[in-house]
Amino acid sequence: MSIRLHNVAKTFGKPGRGQTRALEPVNLDIHDGELVGLLGPSGSGKTTLLRIIAGLESADREPAGRILFGERDVTQVHVRDRRIGFVFQHYALFRHMTVFDNVAFGLTVLPRKQRPSSGEIRTRVLRLLEMVQLEAFAGRYPAQLSGGQQQRVSLARALALRPDVLLLDEPFGALDAKVRQELRRWLRHLHDELNFTSVFVTHDQEEALELSDRVVVMSNGRIEQIDTPDALYRAPANRFVFEFLGDVNHLEGEVRDGVLTCGDAQLAVELPDGPEELLLRPHEVRLTETPSAEAQLPVTVTSISPVGAEVRVELEADWLSAPWLATVRHADFERLALARGQRLYAVPRRWHRFPAAAVRSGQRHPEAVS
Amino acid sequence: MQRIGDAPAVRRGLILSAVALAGLFLLLPLVAIFAQAFAQGMGVFWSNVSDEYTVAAIGLTLFVTLLTIPVNLVFGVALAWLVTRFTFPGRRLLQTLIDIPFAVSPVVAGLVYLLLYGRNGWIGGWLDAHDIQLMFAWPGILMVTLFVTCPFVARELIPLMQAQGSREEEAAVTLGARGFTLFRRVTLPNIRWALLYGVILTNARAVGEFGAVSVVSGAIRGETNTLPLHVELLYQDYNTVGAFASAALLALIALFTLAAKAGLEWRAARREAMA
């Protein structure tokens, strides 16, 4: 079931006193069977957007927005009739009911005519519990389960009514890293198997990029970019998206005759004269013992931490306002014999720039120097 | 190694003074009540308790209490629901207003009701013209008892419902639950202990209320005399044994209430330990 939003906005508070716009008028098309992540920092409006899709929050009357599930206009439809499954960040399980009763709840509150027989409810609930690998826990209470197990119960409960749309509000936010990773894979698998349309909210870039077919990046109640994870990372629409998707190093200076100067650092660039700010990802910074013809960027190593496949190196220099972060392969780490306090030269493999004027128009100028 | 303030002398001193004070001011009066009630033997006690007017007073007190509890139960739940689940202008003010019966002396409450609903009162005049008498009759006693006890249930529920939040209710709604089903299957089970606790407190206060009731009742023996008023009347008649016999009944109801409350608290603690 596709989800389409036209001109949906949300303002909190009464006119005249302390009104805040949580969501600017937003348009969004989510295709049938898609798994879409809403990604943004806190206060970006992503949860508000999700709750509006669910019907837990109503959109502003002015401008009049529309919400369509497939061809069905659900703008005025109550939550309980929207046929959605909703998974809450803190599970929101019914604490006084067993796991079984939690999952069965949606079926047992159906109007008598539509309600399956108790035998059928039992079969369906047990099948759902099997799917979330919690058959053995049917008789337990939520407080007796771990966070990951509770979230799986909450998922089974949301799926019991076979919803057209599954909405998840920071579903893994309260879990530890390892369980999170596990549940992510498992959700992706479930989504592919059952083929419903899902929208989830997260503030974790890695989670959004790993799990989603497409990611909606939001900030300040606006949608900044909607794209596949790959396109998003390679071709960010603006500076916000670029900075939000990963660590960024800044290089600010003055360009004159094709050379960017910043204190005693210099970098050859093919840019017009004037002030410039270049952005680099940590993996786009190469470290050498001697300056190259294009780049004379002297830096000092201030901290070294090996993380997984690479080594993260923090760099400082007089010409830098904030320290740089570089990621180095273990081979290079050993070749350079990196140590704290060591003086080296940074050479950008590639850099990005987002001229102020281009930010709003969505243009980008990624340029590369090798 | 000792923790601060845990010197044996201090500890013993505190425990001793607490026990002494509790015995002197709490336990001794209770013992005195029963001692006085049975001072002239079981027979006299029984004849006092089974006295026509005493039985009528017991009946009226129980009647008023039994009406008060369901009214305040519904009112308290509705109020707590309103205050914790909705935002509207004046919500804070309403929460403050709930406490008025706590803040105002019951006698003042009784006088205000008399002023409003008495024969010469603002509303009372109109009621009198239509032949409706509220004051100096059981409806008046019920009205002031309701006023005095109305914060108990709401005050128990509001902090709990605020702490629990509305997530479970939201979840139930996304699963298709509506109105009363939602309340019965999700909200009520979560608040039932607090609700029961509120009812116990309401009960204790409704049975024992003296000040407000004494102003509006008129204390007509056998008609508008509640048990606490009856105790005072008997005492003024120099019927000490009769007064203490009725007082013993009130004390028994109080002890029963305390036991019920302790039982509930014990249960809650056990549930907490399990979770």
# chains A, B, ... in the order shown; residues from 1 in each chain; ligands from 1
$ residues_around --residues "region 117-132 of chain A" --least-positions-apart "6" --cutoff "9 Å" --atoms "only C-alpha atoms" --output "number ranges by chain"
A: 99-101, 103-104, 107-108, 138, 149, 152-153, 155-157, 159-160, 190
$ closest_atom_pairs --of "chain B" --to "chain A" --cutoff "12 Å" --atoms "only C-alpha atoms" --output "tab-separated table"
residue	atom	partner	partner_atom	distance
B:Thr87	CA	A:Gly13	CA	10.3
B:Phe88	CA	A:Lys14	CA	10.4
B:Pro89	CA	A:Lys14	CA	10.2
B:Gln164	CA	A:Ala92	CA	10.0
B:Gly165	CA	A:Ala92	CA	9.8
B:Ser166	CA	A:Ala92	CA	9.0
B:Arg167	CA	A:Ala92	CA	5.6
B:Glu168	CA	A:Ala92	CA	5.0
B:Glu169	CA	A:Ala92	CA	8.6
B:Glu170	CA	A:Leu56	CA	7.5
B:Ala171	CA	A:Ala92	CA	6.6
B:Ala172	CA	A:Gly106	CA	7.6
B:Val173	CA	A:Arg80	CA	5.5
B:Thr174	CA	A:Arg80	CA	5.1
B:Leu175	CA	A:Gly106	CA	4.7
B:Gly176	CA	A:Arg80	CA	4.3
B:Ala177	CA	A:Val109	CA	5.7
B:Arg178	CA	A:Arg80	CA	7.9
B:Gly179	CA	A:Val109	CA	11.1
B:Phe180	CA	A:Val109	CA	10.9
B:Thr181	CA	A:Val109	CA	7.5
B:Leu182	CA	A:Val109	CA	8.9
B:Arg184	CA	A:Val109	CA	11.3
B:Arg185	CA	A:Phe105	CA	9.3
B:Val186	CA	A:Phe94	CA	7.0
B:Thr187	CA	A:Phe94	CA	9.6
B:Leu188	CA	A:His96	CA	10.3
B:Pro189	CA	A:His96	CA	6.8
B:Asn190	CA	A:His96	CA	7.0
B:Ile191	CA	A:His96	CA	10.6
B:Arg192	CA	A:His96	CA	10.9
B:Arg271	CA	A:His96	CA	10.9
B:Glu272	CA	A:Ala143	CA	10.2
B:Ala273	CA	A:Ala143	CA	11.1
B:Met274	CA	A:Gln144	CA	8.8
B:Ala275	CA	A:Ala143	CA	5.5
$ write_last_selection --atoms "N, CA and C atoms" --output "short mmCIF file (atom, residue, chain, number, x, y, z; two decimals), in the first residue's frame"
data_model
loop_
_atom_site.label_atom_id
_atom_site.label_comp_id
_atom_site.auth_asym_id
_atom_site.auth_seq_id
_atom_site.Cartn_x
_atom_site.Cartn_y
_atom_site.Cartn_z
N THR B 87 -4.79 18.60 27.16
CA THR B 87 -4.30 19.92 27.53
C THR B 87 -5.36 20.92 27.10
N PHE B 88 -5.69 21.82 28.00
CA PHE B 88 -6.69 22.83 27.70
C PHE B 88 -6.42 24.02 28.61
N PRO B 89 -6.88 25.19 28.22
CA PRO B 89 -6.65 26.35 29.07
C PRO B 89 -7.33 26.14 30.43
N GLN B 164 2.45 7.10 34.24
CA GLN B 164 2.29 6.02 33.27
C GLN B 164 2.19 6.54 31.85
N GLY B 165 1.73 7.77 31.68
CA GLY B 165 1.62 8.33 30.35
C GLY B 165 0.51 7.67 29.55
N SER B 166 0.36 8.10 28.31
CA SER B 166 -0.77 7.59 27.53
C SER B 166 -0.32 6.64 26.43
N ARG B 167 0.94 6.16 26.49
CA ARG B 167 1.47 5.30 25.44
C ARG B 167 0.65 4.01 25.27
N GLU B 168 0.30 3.39 26.41
CA GLU B 168 -0.43 2.13 26.30
C GLU B 168 -1.81 2.36 25.69
N GLU B 169 -2.40 3.50 26.03
CA GLU B 169 -3.71 3.81 25.45
C GLU B 169 -3.58 4.09 23.95
N GLU B 170 -2.51 4.80 23.59
CA GLU B 170 -2.28 5.03 22.16
C GLU B 170 -2.10 3.71 21.43
N ALA B 171 -1.33 2.81 22.04
CA ALA B 171 -1.10 1.51 21.41
C ALA B 171 -2.43 0.79 21.23
N ALA B 172 -3.28 0.85 22.27
CA ALA B 172 -4.58 0.16 22.19
C ALA B 172 -5.43 0.75 21.07
N VAL B 173 -5.36 2.07 20.90
CA VAL B 173 -6.16 2.70 19.85
C VAL B 173 -5.66 2.29 18.47
N THR B 174 -4.33 2.22 18.30
CA THR B 174 -3.83 1.79 17.00
C THR B 174 -4.24 0.35 16.71
N LEU B 175 -4.57 -0.40 17.76
CA LEU B 175 -5.01 -1.79 17.58
C LEU B 175 -6.53 -1.88 17.47
N GLY B 176 -7.19 -0.73 17.41
CA GLY B 176 -8.62 -0.73 17.13
C GLY B 176 -9.53 -0.66 18.34
N ALA B 177 -8.97 -0.51 19.55
CA ALA B 177 -9.84 -0.45 20.73
C ALA B 177 -10.58 0.87 20.77
N ARG B 178 -11.85 0.83 21.18
CA ARG B 178 -12.58 2.09 21.29
C ARG B 178 -13.16 2.28 22.68
N GLY B 179 -13.43 3.57 22.97
CA GLY B 179 -14.07 4.05 24.19
C GLY B 179 -13.99 3.17 25.42
N PHE B 180 -15.10 2.51 25.72
CA PHE B 180 -15.20 1.82 26.99
C PHE B 180 -14.29 0.59 27.05
N THR B 181 -14.13 -0.09 25.90
CA THR B 181 -13.22 -1.24 25.84
C THR B 181 -11.81 -0.81 26.24
N LEU B 182 -11.41 0.35 25.70
CA LEU B 182 -10.09 0.89 26.00
C LEU B 182 -9.93 1.12 27.50
N ARG B 184 -11.76 -0.18 30.01
CA ARG B 184 -11.91 -1.40 30.79
C ARG B 184 -10.68 -2.31 30.67
N ARG B 185 -10.10 -2.39 29.47
CA ARG B 185 -9.04 -3.39 29.28
C ARG B 185 -7.63 -2.84 29.44
N VAL B 186 -7.46 -1.53 29.28
CA VAL B 186 -6.10 -0.99 29.37
C VAL B 186 -5.94 0.00 30.53
N THR B 187 -6.81 1.02 30.60
CA THR B 187 -6.64 2.05 31.63
C THR B 187 -6.93 1.50 33.02
N LEU B 188 -8.10 0.90 33.18
CA LEU B 188 -8.54 0.46 34.50
C LEU B 188 -7.57 -0.53 35.17
N PRO B 189 -7.09 -1.55 34.45
CA PRO B 189 -6.17 -2.48 35.13
C PRO B 189 -4.90 -1.78 35.63
N ASN B 190 -4.50 -0.72 34.95
CA ASN B 190 -3.28 -0.03 35.36
C ASN B 190 -3.48 0.86 36.58
N ILE B 191 -4.72 1.30 36.81
CA ILE B 191 -4.94 2.23 37.92
C ILE B 191 -5.73 1.58 39.06
N ARG B 192 -6.01 0.29 38.95
CA ARG B 192 -7.00 -0.28 39.88
C ARG B 192 -6.56 -0.18 41.34
N ARG B 271 4.10 -6.87 44.28
CA ARG B 271 4.07 -6.80 42.81
C ARG B 271 5.31 -6.09 42.29
N GLU B 272 5.70 -5.05 43.00
CA GLU B 272 6.89 -4.29 42.63
C GLU B 272 8.12 -5.20 42.67
N ALA B 273 8.20 -5.99 43.73
CA ALA B 273 9.34 -6.87 43.90
C ALA B 273 9.39 -7.91 42.80
N MET B 274 8.21 -8.33 42.34
CA MET B 274 8.16 -9.34 41.29
C MET B 274 8.61 -8.78 39.94
N ALA B 275 8.24 -7.54 39.67
CA ALA B 275 8.48 -6.95 38.35
C ALA B 275 9.95 -6.59 38.14
#
$ residues_around --residues "Pro63 (chain A)" --least-positions-apart "5" --cutoff "12 Å" --atoms "only C-alpha atoms" --output "mmCIF file with C-alpha atoms, in the first residue's frame"
data_model
loop_
_atom_site.group_PDB
_atom_site.id
_atom_site.type_symbol
_atom_site.label_atom_id
_atom_site.label_comp_id
_atom_site.auth_asym_id
_atom_site.auth_seq_id
_atom_site.Cartn_x
_atom_site.Cartn_y
_atom_site.Cartn_z
ATOM 1 C CA HIS A 6 0.415 16.362 0.141
ATOM 2 C CA ASN A 7 1.127 19.630 1.860
ATOM 3 C CA VAL A 8 1.006 18.188 5.374
ATOM 4 C CA ALA A 9 2.074 20.640 8.096
ATOM 5 C CA LYS A 10 1.910 20.704 11.891
ATOM 6 C CA THR A 11 1.970 23.624 14.292
ATOM 7 C CA LEU A 23 6.528 20.458 10.426
ATOM 8 C CA GLU A 24 6.635 22.760 7.408
ATOM 9 C CA PRO A 25 4.251 21.781 4.603
ATOM 10 C CA VAL A 26 5.647 18.477 3.398
#
$ atom_distance --atom1 "CA of Leu111 (chain B)" --atom2 "CA of Glu52 (chain B)"
29.4 Å
$ residues_around --residues "region 310-323 of chain A" --least-positions-apart "4" --cutoff "9 Å" --atoms "only C-alpha atoms" --output "list of chain:residue names"
A:Asn249, A:His250, A:Leu251, A:Glu252, A:Cys262, A:Gly263, A:Asp264, A:Ala265, A:Pro282, A:Leu297, A:Pro298, A:Val299, A:Thr300, A:Val301, A:Thr302, A:Ser303, A:Ile304, A:Ser305, A:Pro306, A:Thr327, A:Val328, A:Arg329, A:His330, A:Phe333, A:Leu338
$ write_last_selection --atoms "N, CA and C atoms" --output "mmCIF file, in the first residue's frame"
data_model
loop_
_atom_site.group_PDB
_atom_site.id
_atom_site.type_symbol
_atom_site.label_atom_id
_atom_site.label_comp_id
_atom_site.auth_asym_id
_atom_site.auth_seq_id
_atom_site.Cartn_x
_atom_site.Cartn_y
_atom_site.Cartn_z
ATOM 1 N N ASN A 249 35.324 17.061 8.155
ATOM 2 C CA ASN A 249 36.418 17.983 8.475
ATOM 3 C C ASN A 249 36.229 19.268 7.679
ATOM 4 N N HIS A 250 36.463 20.394 8.317
ATOM 5 C CA HIS A 250 36.278 21.687 7.647
ATOM 6 C C HIS A 250 37.629 22.313 7.339
ATOM 7 N N LEU A 251 37.700 22.945 6.161
ATOM 8 C CA LEU A 251 38.895 23.724 5.825
ATOM 9 C C LEU A 251 38.424 25.069 5.292
ATOM 10 N N GLU A 252 38.647 26.115 6.084
ATOM 11 C CA GLU A 252 38.180 27.447 5.702
ATOM 12 C C GLU A 252 39.371 28.311 5.339
ATOM 13 N N CYS A 262 45.234 29.279 4.409
ATOM 14 C CA CYS A 262 44.618 29.339 5.735
ATOM 15 C C CYS A 262 45.763 29.251 6.723
ATOM 16 N N GLY A 263 46.181 30.372 7.278
ATOM 17 C CA GLY A 263 47.361 30.379 8.144
ATOM 18 C C GLY A 263 48.572 29.937 7.344
ATOM 19 N N ASP A 264 49.296 28.943 7.870
ATOM 20 C CA ASP A 264 50.467 28.469 7.125
ATOM 21 C C ASP A 264 50.143 27.237 6.282
ATOM 22 N N ALA A 265 48.843 26.993 6.063
ATOM 23 C CA ALA A 265 48.447 25.867 5.229
ATOM 24 C C ALA A 265 48.022 26.357 3.846
ATOM 25 N N PRO A 282 36.507 11.838 6.801
ATOM 26 C CA PRO A 282 37.754 11.331 7.394
ATOM 27 C C PRO A 282 38.526 10.399 6.459
ATOM 28 N N LEU A 297 49.650 20.980 4.098
ATOM 29 C CA LEU A 297 48.769 21.081 5.262
ATOM 30 C C LEU A 297 49.430 20.395 6.460
ATOM 31 N N PRO A 298 50.285 21.109 7.202
ATOM 32 C CA PRO A 298 50.984 20.480 8.332
ATOM 33 C C PRO A 298 50.044 20.235 9.504
ATOM 34 N N VAL A 299 50.082 19.026 10.044
ATOM 35 C CA VAL A 299 49.218 18.682 11.176
ATOM 36 C C VAL A 299 50.013 17.900 12.224
ATOM 37 N N THR A 300 49.473 17.853 13.445
ATOM 38 C CA THR A 300 50.087 17.084 14.523
ATOM 39 C C THR A 300 49.084 16.040 15.006
ATOM 40 N N VAL A 301 49.554 14.808 15.191
ATOM 41 C CA VAL A 301 48.682 13.732 15.662
ATOM 42 C C VAL A 301 48.432 13.927 17.160
ATOM 43 N N THR A 302 47.158 13.991 17.572
ATOM 44 C CA THR A 302 46.874 14.180 19.006
ATOM 45 C C THR A 302 46.255 12.960 19.662
ATOM 46 N N SER A 303 45.624 12.095 18.869
ATOM 47 C CA SER A 303 45.119 10.868 19.494
ATOM 48 C C SER A 303 44.924 9.799 18.435
ATOM 49 N N ILE A 304 45.094 8.552 18.842
ATOM 50 C CA ILE A 304 45.007 7.419 17.913
ATOM 51 C C ILE A 304 44.108 6.370 18.537
ATOM 52 N N SER A 305 43.065 5.929 17.803
ATOM 53 C CA SER A 305 42.257 4.825 18.333
ATOM 54 C C SER A 305 41.912 3.842 17.235
ATOM 55 N N PRO A 306 42.406 2.591 17.383
ATOM 56 C CA PRO A 306 42.099 1.573 16.380
ATOM 57 C C PRO A 306 40.650 1.117 16.555
ATOM 58 N N THR A 327 40.746 8.639 8.887
ATOM 59 C CA THR A 327 40.780 7.195 9.104
ATOM 60 C C THR A 327 41.856 6.611 8.201
ATOM 61 N N VAL A 328 42.692 5.775 8.791
ATOM 62 C CA VAL A 328 43.863 5.237 8.098
ATOM 63 C C VAL A 328 43.796 3.718 8.149
ATOM 64 N N ARG A 329 44.198 3.065 7.061
ATOM 65 C CA ARG A 329 44.243 1.607 7.084
ATOM 66 C C ARG A 329 45.376 1.155 7.990
ATOM 67 N N HIS A 330 45.221 -0.046 8.541
ATOM 68 C CA HIS A 330 46.251 -0.544 9.456
ATOM 69 C C HIS A 330 47.623 -0.599 8.790
ATOM 70 N N PHE A 333 49.031 2.772 8.818
ATOM 71 C CA PHE A 333 49.321 3.098 10.212
ATOM 72 C C PHE A 333 50.703 2.568 10.598
ATOM 73 N N LEU A 338 52.742 5.674 13.149
ATOM 74 C CA LEU A 338 52.056 6.803 13.771
ATOM 75 C C LEU A 338 52.200 6.797 15.291
#
$ residues_around --residues "Asp32 (chain A)" --least-positions-apart "2" --cutoff "12 Å" --atoms "only C-alpha atoms" --output "short mmCIF file (atom, residue, chain, number, x, y, z; two decimals) with C-alpha atoms, in the first residue's frame"
data_model
loop_
_atom_site.label_atom_id
_atom_site.label_comp_id
_atom_site.auth_asym_id
_atom_site.auth_seq_id
_atom_site.Cartn_x
_atom_site.Cartn_y
_atom_site.Cartn_z
CA MET A 1 0.00 0.00 0.00
CA SER A 2 1.56 3.30 -1.05
CA ILE A 3 1.51 6.33 1.23
CA ARG A 4 1.23 9.81 -0.21
CA ASP A 29 5.53 9.66 -1.81
CA ILE A 30 6.24 6.25 -0.34
CA GLU A 34 8.99 0.17 0.39
CA LEU A 35 10.94 0.38 3.64
CA VAL A 36 11.57 4.06 4.26
CA PHE A 69 -3.04 5.20 1.61
CA GLY A 70 -3.17 3.81 -1.91
CA GLU A 71 -6.21 5.49 -3.43
CA ASP A 164 -1.30 -2.37 5.28
CA VAL A 165 1.29 -0.07 6.75
CA LEU A 166 3.78 -0.63 9.54
CA HIS A 191 9.75 -6.76 5.68
CA ASN A 195 5.87 -7.36 1.89
CA PHE A 196 4.10 -4.54 3.72
CA THR A 197 4.99 -0.88 3.47
CA SER A 198 7.07 0.34 6.41
CA VAL A 199 8.16 3.73 7.64
CA ASP A 213 15.21 1.36 0.59
#
$ closest_residue --among "A:Val285, A:Val347, A:Leu134, A:Val255" --to "Asp273 (chain A)" --atoms "only C-alpha atoms"
A:Val255
$ residues_around --residues "Ala109 (chain B)" --least-positions-apart "2" --cutoff "8 Å" --atoms "only C-alpha atoms" --output "PyMOL selection string"
chain B and resi 101+104-107+111-113+144+147-148+212
$ atom_distance --atom1 "CA of His230 (chain B)" --atom2 "CA of Leu60 (chain B)"
10.9 Å
$ select_by_dssp --residues "region 8-232 of chain A" --states "alpha helix (DSSP H)" --output "number ranges by chain"
A: 46-54, 99-108, 118-131, 147-159, 177-194, 205-211, 229-232
$ write_last_selection --atoms "C-alpha atoms" --output "mmCIF file, in the first residue's frame"
data_model
loop_
_atom_site.group_PDB
_atom_site.id
_atom_site.type_symbol
_atom_site.label_atom_id
_atom_site.label_comp_id
_atom_site.auth_asym_id
_atom_site.auth_seq_id
_atom_site.Cartn_x
_atom_site.Cartn_y
_atom_site.Cartn_z
ATOM 1 C CA LYS A 46 10.405 13.155 11.956
ATOM 2 C CA THR A 47 8.374 11.682 14.808
ATOM 3 C CA THR A 48 5.632 14.260 14.272
ATOM 4 C CA LEU A 49 5.493 13.234 10.618
ATOM 5 C CA LEU A 50 5.233 9.554 11.549
ATOM 6 C CA ARG A 51 2.496 10.221 14.101
ATOM 7 C CA ILE A 52 0.567 12.221 11.522
ATOM 8 C CA ILE A 53 0.771 9.315 9.079
ATOM 9 C CA ALA A 54 -0.516 7.051 11.864
ATOM 10 C CA VAL A 99 2.779 -11.741 26.054
ATOM 11 C CA PHE A 100 0.025 -13.849 24.517
ATOM 12 C CA ASP A 101 -2.732 -11.418 25.552
ATOM 13 C CA ASN A 102 -0.689 -8.472 24.309
ATOM 14 C CA VAL A 103 -0.395 -9.958 20.843
ATOM 15 C CA ALA A 104 -4.021 -11.109 20.855
ATOM 16 C CA PHE A 105 -5.359 -7.703 21.950
ATOM 17 C CA GLY A 106 -6.079 -6.318 18.498
ATOM 18 C CA LEU A 107 -7.992 -9.458 17.528
ATOM 19 C CA THR A 108 -10.016 -9.599 20.737
ATOM 20 C CA SER A 118 -10.912 -18.015 20.169
ATOM 21 C CA GLY A 119 -9.330 -21.091 18.620
ATOM 22 C CA GLU A 120 -8.354 -19.152 15.541
ATOM 23 C CA ILE A 121 -7.039 -16.260 17.623
ATOM 24 C CA ARG A 122 -4.905 -18.754 19.487
ATOM 25 C CA THR A 123 -3.465 -20.212 16.285
ATOM 26 C CA ARG A 124 -2.739 -16.801 14.831
ATOM 27 C CA VAL A 125 -1.084 -15.465 17.987
ATOM 28 C CA LEU A 126 1.081 -18.553 18.350
ATOM 29 C CA ARG A 127 2.135 -18.270 14.714
ATOM 30 C CA LEU A 128 3.109 -14.621 15.280
ATOM 31 C CA LEU A 129 5.039 -15.507 18.420
ATOM 32 C CA GLU A 130 6.826 -18.207 16.485
ATOM 33 C CA MET A 131 7.742 -15.630 13.843
ATOM 34 C CA GLY A 147 14.242 -4.889 25.924
ATOM 35 C CA GLY A 148 14.849 -6.704 22.650
ATOM 36 C CA GLN A 149 12.243 -9.335 23.470
ATOM 37 C CA GLN A 150 9.721 -6.679 24.446
ATOM 38 C CA GLN A 151 10.238 -4.896 21.161
ATOM 39 C CA ARG A 152 9.677 -8.161 19.286
ATOM 40 C CA VAL A 153 6.412 -8.685 21.179
ATOM 41 C CA SER A 154 5.434 -5.155 20.264
ATOM 42 C CA LEU A 155 6.131 -5.966 16.603
ATOM 43 C CA ALA A 156 4.098 -9.156 16.713
ATOM 44 C CA ARG A 157 1.262 -7.208 18.325
ATOM 45 C CA ALA A 158 1.398 -4.567 15.594
ATOM 46 C CA LEU A 159 1.323 -7.248 12.878
ATOM 47 C CA ALA A 177 24.224 -1.890 20.032
ATOM 48 C CA LYS A 178 24.402 -5.630 19.471
ATOM 49 C CA VAL A 179 20.681 -6.326 19.908
ATOM 50 C CA ARG A 180 19.991 -3.337 17.691
ATOM 51 C CA GLN A 181 22.082 -4.784 14.880
ATOM 52 C CA GLU A 182 20.336 -8.139 15.210
ATOM 53 C CA LEU A 183 16.834 -6.677 15.219
ATOM 54 C CA ARG A 184 17.644 -4.466 12.246
ATOM 55 C CA ARG A 185 18.574 -7.429 10.088
ATOM 56 C CA TRP A 186 15.611 -9.337 11.334
ATOM 57 C CA LEU A 187 13.195 -6.467 10.554
ATOM 58 C CA ARG A 188 14.631 -6.159 7.035
ATOM 59 C CA HIS A 189 14.101 -9.882 6.560
ATOM 60 C CA LEU A 190 10.550 -9.702 7.896
ATOM 61 C CA HIS A 191 9.752 -6.763 5.675
ATOM 62 C CA ASP A 192 10.957 -8.570 2.568
ATOM 63 C CA GLU A 193 9.053 -11.687 3.520
ATOM 64 C CA LEU A 194 5.698 -10.159 4.421
ATOM 65 C CA GLN A 205 22.490 7.507 10.232
ATOM 66 C CA GLU A 206 23.962 4.049 10.147
ATOM 67 C CA GLU A 207 20.605 2.487 10.947
ATOM 68 C CA ALA A 208 18.822 4.534 8.293
ATOM 69 C CA LEU A 209 21.411 3.800 5.621
ATOM 70 C CA GLU A 210 21.589 0.096 6.402
ATOM 71 C CA LEU A 211 17.890 -0.644 6.695
ATOM 72 C CA PRO A 229 21.220 5.330 0.881
ATOM 73 C CA ASP A 230 23.840 5.069 -1.840
ATOM 74 C CA ALA A 231 22.800 8.225 -3.666
ATOM 75 C CA LEU A 232 22.448 10.060 -0.391
#
$ residues_around --residues "Glu243 (chain A)" --least-positions-apart "6" --cutoff "10 Å" --atoms "only C-alpha atoms" --output "ChimeraX atom specification"
/A:236,249,279-281
$ atom_distance --atom1 "CA of Leu142 (chain B)" --atom2 "CA of Ile33 (chain B)"
27.4 Å
